[in-house]
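Enquirer: Following this message is one structure expressed as structure tokens.
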Amino acid sequence: MINSNNQGGITVEIKNMLTEFFNNEETILLAILYGSFAAGRETNRSDVDIAIAGHSLFHPEQIMELNLKLSKLLEREVDLIDLNNAGGTILTQILTTGTLIKKQDTNLYASLIKKMLYFEEDMAANIRYILKYRQENFLNAI
């Protein structure tokens with residue numbers, strides 16, 4: 001099992017293992033560690049949240065194979081997401097709170113940031129308004 005030697009909120013051993021793993025995966029151009037391990041809030045039961053991207057969407061079988069390899073390597077459950085298929089709040093969370101493990105394609109990274117910014121500009125205000133409206137209705141019903 002991996003030791004929790006946190007340095008700046010990241011388990012150093014996990015980051016090193018992921019860096020080595022993704023450096024050997026040519027089809028993966030971008031890899032980001034996010035969630036509890038990136039925030040330094042992991043527990044013994046935490047899974048490892050990883051976002052990846054390539055030139056195009058990964059096939060579901062590729063995701064499953066990578067997930068299995070990473071789970072064996074890290075001796076933990078892994079939650080793997082394809083950034084080319086991500087959007088909205090999950091994309092925002094990954095790009096703003098995650099830790100970059102591999103960035104082989106700067107243009108791909110920039111396009112994902114652009115996608116996130118368009119969402120924030122166009123949709124996030126509406127979502128916040130709806131949530132506030134629901135909260136007020138809930139509180140008024142009590």
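Within each chain, counting starts at residue 1; across the structure tokens, chains are named A, B, ... in the order shown, with ligands numbered 1 upward in that order.
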Apply DSSP to the backbone of this structure and, from chain A, keep only the residues in alpha helix (DSSP H); write these as a PyMOL selection string.
Expert: chain A and resi 12-23+36-39+60-74+88-97+106-119+125-141
Enquirer: Could you give me the residues within segment 28-125 of chain A that DSSP places in strand (DSSP E), as a list in words?
Expert: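 Listing strand (DSSP E) positions across segment 28-125 of chain A yields Leu30, Ala31, Ile32, Leu33, Tyr34, Val48, Asp49, Ile50, Ala51, Ile52, Ala53, Val78, Asp79, Leu80, Ile81, Asp82, Thr99, Leu100, Ile101, Lys102 and Lys103 of chain A.
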Enquirer: Using only C-alpha atoms, which residue out of A:Ile28, A:Glu120, A:Leu95, A:Leu33 lies closest to Ile63 of chain A?
Expert: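 Checking each of A:Ile28, A:Glu120, A:Leu95, A:Leu33 against Ile63 of chain A, counting only C-alpha atoms, the winner is A:Ile28.
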Enquirer: Write out as a PyMOL selection string which residues come within 8 Å of segment 86-89 of chain A when counting only C-alpha atoms, dropping same-chain ones fewer than 3 positions away.
Expert: chain A and resi 81-83+92-93+115-116+119-120
Enquirer: Output C-alpha atoms of each residue in that selection to a file, as a PDB file, in the first residue's frame.
Expert:
ATOM      1  CA  ILE A  81     -11.996  10.054 -16.924  1.00  0.00           C
ATOM      2  CA  ASP A  82     -11.340  11.087 -20.532  1.00  0.00           C
ATOM      3  CA  LEU A  83     -11.047  14.884 -20.603  1.00  0.00           C
ATOM      4  CA  THR A  92     -13.681  22.978 -14.149  1.00  0.00           C
ATOM      5  CA  GLN A  93     -12.852  21.029 -10.980  1.00  0.00           C
ATOM      6  CA  LYS A 115     -13.829  24.850 -23.155  1.00  0.00           C
ATOM      7  CA  MET A 116     -13.911  25.327 -19.369  1.00  0.00           C
ATOM      8  CA  PHE A 119     -18.768  26.928 -19.811  1.00  0.00           C
ATOM      9  CA  GLU A 120     -18.027  29.256 -16.918  1.00  0.00           C
TER      10      GLU A 120
END
Enquirer: Using only C-alpha atoms for the distances, tell me which of A:Leu29, A:Leu74, A:Met64, A:Lys103 is nearest to Thr11 of chain A.
Expert: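 For Thr11 of chain A, the nearest of the given residues is A:Leu74.
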Enquirer: Measure the distance from atom CA of Asn67 of chain A to atom CA of Ile32 of chain A in Å and round it to one decimal.
Expert: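 Distance between the two atoms: 14.1 Å.
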Enquirer: Env of Ile113 of chain A: 9 Å cut, atoms = only C-alpha atoms, seq-sep filter 4 positions within chain, self excluded. Answer as a PyMOL selection string.
Expert: chain A and resi 91-92+95+108-109+117-118
Enquirer: Can you work out the spacing between atom CA of Leu112 of chain A and atom CA of Asn84 of chain A in Å, to one decimal?
Expert: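 It comes out at 7.9 Å.
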Enquirer: What's the separation between atom CA of Leu68 of chain A and atom CA of Ala110 of chain A, in Å to one decimal place?
Expert: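 Atom CA of Ala110 of chain A lies at a distance of 28.7 Å from atom CA of Leu68 of chain A.
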Enquirer: Which polymer residues have any atom within 8 Å of an atom of Ala31 of chain A, counting only C-alpha atoms, with same-chain residues fewer than 5 positions away left out, as a VMD selection string?
Expert: chain A and resid 22 50 to 53 100 to 103
Enquirer: Create the file for the chosen residues now, containing N, CA and C atoms and written as a PDB file, in the first residue's frame.
Expert:
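Contents of out17.pdb, as written:
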ATOM      1  N   PHE A  22       2.711   7.384 -17.037  1.00  0.00           N
ATOM      2  CA  PHE A  22       2.210   8.147 -18.179  1.00  0.00           C
ATOM      3  C   PHE A  22       3.307   8.542 -19.156  1.00  0.00           C
ATOM      4  N   ILE A  50      -8.070  10.305 -11.717  1.00  0.00           N
ATOM      5  CA  ILE A  50      -7.131  10.695 -12.762  1.00  0.00           C
ATOM      6  C   ILE A  50      -7.910  11.053 -14.022  1.00  0.00           C
ATOM      7  N   ALA A  51      -7.534  12.161 -14.629  1.00  0.00           N
ATOM      8  CA  ALA A  51      -8.117  12.577 -15.902  1.00  0.00           C
ATOM      9  C   ALA A  51      -7.034  12.502 -16.970  1.00  0.00           C
ATOM     10  N   ILE A  52      -7.404  11.973 -18.135  1.00  0.00           N
ATOM     11  CA  ILE A  52      -6.447  11.830 -19.232  1.00  0.00           C
ATOM     12  C   ILE A  52      -7.048  12.397 -20.515  1.00  0.00           C
ATOM     13  N   ALA A  53      -6.183  12.692 -21.469  1.00  0.00           N
ATOM     14  CA  ALA A  53      -6.643  13.122 -22.790  1.00  0.00           C
ATOM     15  C   ALA A  53      -5.605  12.723 -23.828  1.00  0.00           C
ATOM     16  N   LEU A 100      -1.145  18.672 -12.546  1.00  0.00           N
ATOM     17  CA  LEU A 100      -0.700  18.219 -13.853  1.00  0.00           C
ATOM     18  C   LEU A 100       0.408  17.181 -13.695  1.00  0.00           C
ATOM     19  N   ILE A 101       0.197  16.011 -14.262  1.00  0.00           N
ATOM     20  CA  ILE A 101       1.186  14.929 -14.219  1.00  0.00           C
ATOM     21  C   ILE A 101       1.949  14.865 -15.541  1.00  0.00           C
ATOM     22  N   LYS A 102       1.219  15.031 -16.649  1.00  0.00           N
ATOM     23  CA  LYS A 102       1.844  14.997 -17.975  1.00  0.00           C
ATOM     24  C   LYS A 102       1.150  16.023 -18.868  1.00  0.00           C
ATOM     25  N   LYS A 103       1.959  16.830 -19.560  1.00  0.00           N
ATOM     26  CA  LYS A 103       1.420  17.782 -20.540  1.00  0.00           C
ATOM     27  C   LYS A 103       2.324  17.737 -21.760  1.00  0.00           C
TER      28      LYS A 103
END
Enquirer: Here is a test: counting only C-alpha atoms, which residue of A:Asp49, A:Glu61, A:Glu136, A:Glu20 is nearest to Glu77 of chain A?
Expert: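 When distances to Glu77 of chain A are compared using only C-alpha atoms, the smallest one comes from A:Asp49.
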Enquirer: Find, counting only C-alpha atoms, the residue in A:Phe21, A:Ser111, A:Ala141, A:Met123 that gets nearest to Lys72 of chain A.
Expert: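 That would be A:Phe21, the residue with the smallest distance to Lys72 of chain A.
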